[in-house]
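Novice: Got a structure for you, data13.csv, holding CSV, C-alpha atoms.
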```csv
chain,number,residue,atom,x,y,z
L,1176,MET,CA,-5.4,41.5,-49.5
L,1177,VAL,CA,-3.2,38.4,-49.9
L,1178,TYR,CA,-3.3,36.7,-46.5
L,1179,CYS,CA,-4.3,33.1,-46.3
L,1180,ASN,CA,-8.0,32.7,-45.5
L,1181,GLU,CA,-7.4,29.2,-44.2
L,1182,LEU,CA,-4.9,30.5,-41.7
L,1183,ALA,CA,-7.2,33.3,-40.7
L,1184,ASP,CA,-10.0,30.8,-40.1
L,1185,ARG,CA,-7.6,28.6,-38.0
L,1186,ILE,CA,-6.7,31.7,-35.9
L,1187,ARG,CA,-10.4,32.5,-35.4
L,1188,ALA,CA,-10.9,29.0,-34.1
L,1189,VAL,CA,-8.1,29.3,-31.6
L,1190,LEU,CA,-9.2,32.7,-30.4
L,1191,ALA,CA,-12.7,31.3,-29.9
L,1192,GLY,CA,-11.3,29.0,-27.2
L,1193,ILE,CA,-9.3,31.6,-25.3
L,1194,ASP,CA,-11.1,33.4,-22.5
L,1195,GLY,CA,-8.9,36.5,-22.8
L,1196,ALA,CA,-9.7,36.8,-26.5
L,1197,CYS,CA,-13.5,37.4,-26.1
L,1198,GLY,CA,-14.2,40.6,-27.9
L,1199,ALA,CA,-11.2,40.4,-30.2
L,1200,THR,CA,-11.6,42.3,-33.4
L,1201,GLU,CA,-10.3,42.0,-36.9
L,1202,GLN,CA,-8.7,44.6,-39.1
L,1203,GLN,CA,-6.8,44.7,-42.3
L,1204,MET,CA,-3.3,45.8,-41.4
L,1205,PHE,CA,0.2,45.5,-42.8
L,1206,GLY,CA,-1.3,43.7,-45.8
L,1207,GLY,CA,-2.7,40.9,-43.7
L,1208,LEU,CA,-5.6,40.3,-41.4
L,1209,ALA,CA,-4.9,41.4,-37.8
L,1210,PHE,CA,-6.6,40.2,-34.7
L,1211,LEU,CA,-6.7,42.8,-32.0
L,1212,ILE,CA,-7.3,42.7,-28.2
L,1213,GLY,CA,-8.4,46.1,-26.8
L,1214,GLY,CA,-7.2,47.7,-30.0
L,1215,ASN,CA,-3.7,46.2,-29.7
L,1216,LEU,CA,-2.4,43.7,-32.3
L,1217,ALA,CA,-2.1,40.2,-30.9
L,1218,VAL,CA,-1.5,38.2,-34.1
L,1219,SER,CA,-2.0,38.6,-37.8
L,1220,ALA,CA,-2.4,36.2,-40.8
L,1221,ALA,CA,0.5,37.8,-42.5
L,1222,ALA,CA,0.5,38.9,-46.2
L,1223,ARG,CA,3.8,37.0,-46.7
L,1224,GLY,CA,2.4,33.8,-45.1
L,1225,GLY,CA,2.6,32.7,-41.6
L,1226,LEU,CA,2.0,35.0,-38.6
L,1227,LEU,CA,3.0,38.4,-37.6
L,1228,LEU,CA,3.0,38.2,-33.8
L,1229,ARG,CA,3.2,40.7,-31.0
L,1230,ALA,CA,5.1,39.4,-27.9
L,1231,ASP,CA,6.9,40.8,-24.9
L,1232,PRO,CA,10.0,42.6,-26.3
L,1233,ALA,CA,12.1,41.1,-23.5
L,1234,ALA,CA,11.2,37.6,-24.7
L,1235,SER,CA,12.2,38.2,-28.3
L,1236,ASP,CA,15.6,36.3,-28.1
L,1237,ALA,CA,14.0,33.3,-26.5
L,1238,LEU,CA,11.1,33.2,-28.9
L,1239,CYS,CA,13.4,33.6,-31.9
L,1240,ALA,CA,15.3,30.5,-30.8
L,1241,HIS,CA,12.4,28.4,-32.1
L,1242,PRO,CA,12.7,27.2,-35.7
L,1243,GLY,CA,10.8,29.3,-38.2
L,1244,VAL,CA,10.7,32.4,-35.9
L,1245,GLU,CA,12.5,35.7,-36.4
L,1246,ARG,CA,12.1,39.3,-35.6
L,1247,ALA,CA,9.9,41.2,-38.0
L,1248,VAL,CA,11.8,43.8,-40.0
L,1249,MET,CA,10.1,47.2,-40.2
L,1250,ARG,CA,11.6,50.0,-42.2
L,1251,GLY,CA,14.8,48.0,-42.5
L,1252,ARG,CA,15.2,47.4,-38.8
L,1253,PRO,CA,14.5,44.2,-36.8
L,1254,MET,CA,12.0,44.9,-34.1
L,1255,ASP,CA,11.9,43.4,-30.6
L,1256,GLY,CA,8.4,42.3,-29.7
L,1257,TRP,CA,7.3,41.9,-33.4
L,1258,LEU,CA,7.9,38.4,-34.7
L,1259,ARG,CA,7.4,36.6,-38.0
L,1260,VAL,CA,6.4,32.9,-37.5
L,1261,ASP,CA,6.6,31.0,-40.8
L,1262,ASP,CA,4.0,28.6,-42.1
L,1263,ALA,CA,5.9,25.5,-41.1
L,1264,ALA,CA,6.0,26.6,-37.5
L,1265,VAL,CA,2.2,26.8,-37.3
L,1266,ALA,CA,1.3,23.8,-39.5
L,1267,ALA,CA,0.1,21.8,-36.4
L,1268,ASP,CA,-2.9,23.2,-34.6
L,1269,GLU,CA,-1.2,22.9,-31.2
L,1270,ASP,CA,1.7,25.0,-32.5
L,1271,LEU,CA,-0.6,27.6,-33.9
L,1272,ALA,CA,-2.5,27.7,-30.6
L,1273,ARG,CA,0.7,28.3,-28.6
L,1274,TRP,CA,1.8,31.2,-30.8
L,1275,VAL,CA,-1.7,32.8,-30.8
L,1276,ARG,CA,-1.8,32.5,-27.0
L,1277,ILE,CA,1.6,34.3,-26.8
L,1278,GLY,CA,0.2,37.2,-28.9
L,1279,VAL,CA,-3.1,37.3,-27.0
L,1280,ASP,CA,-1.4,37.3,-23.6
L,1281,TYR,CA,0.9,40.2,-24.6
L,1282,ALA,CA,-1.8,42.3,-26.2
L,1283,ALA,CA,-4.1,41.8,-23.2
L,1284,SER,CA,-1.3,43.0,-20.9
L,1285,LEU,CA,-1.2,46.4,-22.7
L,1286,PRO,CA,-3.6,49.3,-21.9
L,1287,PRO,CA,-6.6,49.3,-24.2
L,1288,LYS,CA,-6.4,51.9,-27.0
L,1289,GLN,CA,-9.1,54.6,-26.9
L,1290,GLY,CA,-11.1,55.5,-30.0
L,1291,PRO,CA,-12.5,53.7,-33.0
L,1292,ARG,CA,-9.8,51.0,-33.2
L,1293,SER,CA,-10.4,49.7,-29.7
L,1294,SER,CA,-13.9,48.2,-30.1
L,1295,GLY,CA,-16.6,47.4,-32.6
L,1296,PRO,CA,-16.6,46.0,-36.1
L,1297,ARG,CA,-13.8,46.8,-38.4
L,1298,ALA,CA,-14.2,48.1,-41.9
L,1299,GLY,CA,-13.4,45.2,-44.2
L,1300,GLY,CA,-13.2,42.8,-41.4
L,1301,ARG,CA,-15.6,40.5,-39.7
L,1302,GLY,CA,-15.9,42.6,-36.5
L,1303,THR,CA,-16.1,41.4,-33.0
L,1304,PHE,CA,-16.5,37.7,-32.2
L,1305,SER,CA,-16.9,35.9,-29.0
L,1306,ARG,CA,-16.0,32.6,-27.5
L,1307,ARG,CA,-18.1,29.8,-28.6
L,1308,ALA,CA,-20.0,27.9,-25.9
```
Can the structure from this file be put into structure tokens for me?

Specialist:
Amino acid sequence: MVYCNELADRIRAVLAGIDGACGATEQQMFGGLAFLIGGNLAVSAAARGGLLLRADPAASDALCAHPGVERAVMRGRPMDGWLRVDDAAVAADEDLARWVRIGVDYAASLPPKQGPRSSGPRAGGRGTFSRRA
């Protein structure tokens, strides 16, 4: 796996401070390390650097207006609600926190997935973590 461990650690630190992210899980996905809420991808330390982020598809145009943000392309097609946020756009901790919050808020708004992906430790990941006191 080629994601940035430093970025993954920074994402973990942000998630630890978000109430809605308690119980988030990690899973290797799309070549990166994904952080899931209720089995739904919120944000990932992407294999190509930066973030792969889930967001409200209706907000895609507004979010892509930010420098360093574009729709993720999957199977040759730009996808609403799936965003690539480059390294420069998350270099500052407050910028990373803003993008992670967007992903967490959207993932938390989705129905939890049933089955083995929705809870518990992930194979190859660090499992469930909770907010630090």

Novice: Quick one, how far is CA of Ser1284 in chain L from CA of Leu1227 in chain L?

Specialist: 17.8 Å

Novice: One number please: CA of Ala1240 in chain L to CA of Ala1221 in chain L, in Å, one decimal.

Specialist: 20.2 Å

Novice: Nearest to Leu1226 in chain L among L:Arg1250, L:Ala1188, L:Val1275, L:Gly1214, with distances taken over all atoms listed in the file: which residue is it?

Specialist: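 The answer is L:Val1275, which sits nearest to Leu1226 in chain L.
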
Novice: Have a look at L:Arg1259, L:Arg1185, L:Arg1223, L:Lys1288 and name the one nearest to His1241 in chain L; count only C-alpha atoms.

Specialist: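 Using only C-alpha atoms, His1241 in chain L sits closest to L:Arg1259.
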
Novice: With distances taken over all atoms listed in the file, which of L:Ala1247, L:Met1254, L:Val1265, L:Asp1280 is nearest to Ala1183 in chain L?

Specialist: L:Val1265

Novice: Is it possible to add N, CA and C atoms to range 1264-1282 of chain L and hand it back as a CSV table (one decimal), keeping the file's coordinate frame?

Specialist:
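Result written to part.csv:
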```
chain,number,residue,atom,x,y,z
L,1264,ALA,N,6.1,26.6,-38.9
L,1264,ALA,CA,6.0,26.6,-37.5
L,1264,ALA,C,4.6,26.7,-36.9
L,1265,VAL,N,3.6,26.8,-37.8
L,1265,VAL,CA,2.2,26.8,-37.3
L,1265,VAL,C,1.4,25.8,-38.1
L,1266,ALA,N,2.0,24.9,-38.7
L,1266,ALA,CA,1.3,23.8,-39.5
L,1266,ALA,C,0.4,23.0,-38.6
L,1267,ALA,N,0.9,22.6,-37.4
L,1267,ALA,CA,0.1,21.8,-36.4
L,1267,ALA,C,-0.7,22.8,-35.6
L,1268,ASP,N,-2.0,22.3,-35.4
L,1268,ASP,CA,-2.9,23.2,-34.6
L,1268,ASP,C,-2.4,23.5,-33.2
L,1269,GLU,N,-1.7,22.6,-32.6
L,1269,GLU,CA,-1.2,22.9,-31.2
L,1269,GLU,C,-0.1,24.0,-31.3
L,1270,ASP,N,0.7,24.0,-32.3
L,1270,ASP,CA,1.7,25.0,-32.5
L,1270,ASP,C,1.1,26.4,-32.7
L,1271,LEU,N,0.1,26.4,-33.6
L,1271,LEU,CA,-0.6,27.6,-33.9
L,1271,LEU,C,-1.2,28.2,-32.6
L,1272,ALA,N,-1.9,27.3,-31.8
L,1272,ALA,CA,-2.5,27.7,-30.6
L,1272,ALA,C,-1.5,28.3,-29.6
L,1273,ARG,N,-0.3,27.7,-29.5
L,1273,ARG,CA,0.7,28.3,-28.6
L,1273,ARG,C,1.1,29.7,-29.1
L,1274,TRP,N,1.4,29.9,-30.3
L,1274,TRP,CA,1.8,31.2,-30.8
L,1274,TRP,C,0.7,32.2,-30.7
L,1275,VAL,N,-0.5,31.9,-31.0
L,1275,VAL,CA,-1.7,32.8,-30.8
L,1275,VAL,C,-1.8,33.2,-29.3
L,1276,ARG,N,-1.7,32.2,-28.4
L,1276,ARG,CA,-1.8,32.5,-27.0
L,1276,ARG,C,-0.7,33.5,-26.6
L,1277,ILE,N,0.5,33.4,-27.1
L,1277,ILE,CA,1.6,34.3,-26.8
L,1277,ILE,C,1.1,35.7,-27.2
L,1278,GLY,N,0.6,35.9,-28.4
L,1278,GLY,CA,0.2,37.2,-28.9
L,1278,GLY,C,-1.0,37.7,-28.1
L,1279,VAL,N,-2.0,36.9,-27.8
L,1279,VAL,CA,-3.1,37.3,-27.0
L,1279,VAL,C,-2.7,37.8,-25.6
L,1280,ASP,N,-1.9,37.0,-24.9
L,1280,ASP,CA,-1.4,37.3,-23.6
L,1280,ASP,C,-0.7,38.7,-23.6
L,1281,TYR,N,0.2,38.9,-24.6
L,1281,TYR,CA,0.9,40.2,-24.6
L,1281,TYR,C,-0.1,41.3,-24.9
L,1282,ALA,N,-0.9,41.2,-25.9
L,1282,ALA,CA,-1.8,42.3,-26.2
L,1282,ALA,C,-2.8,42.6,-25.1
```
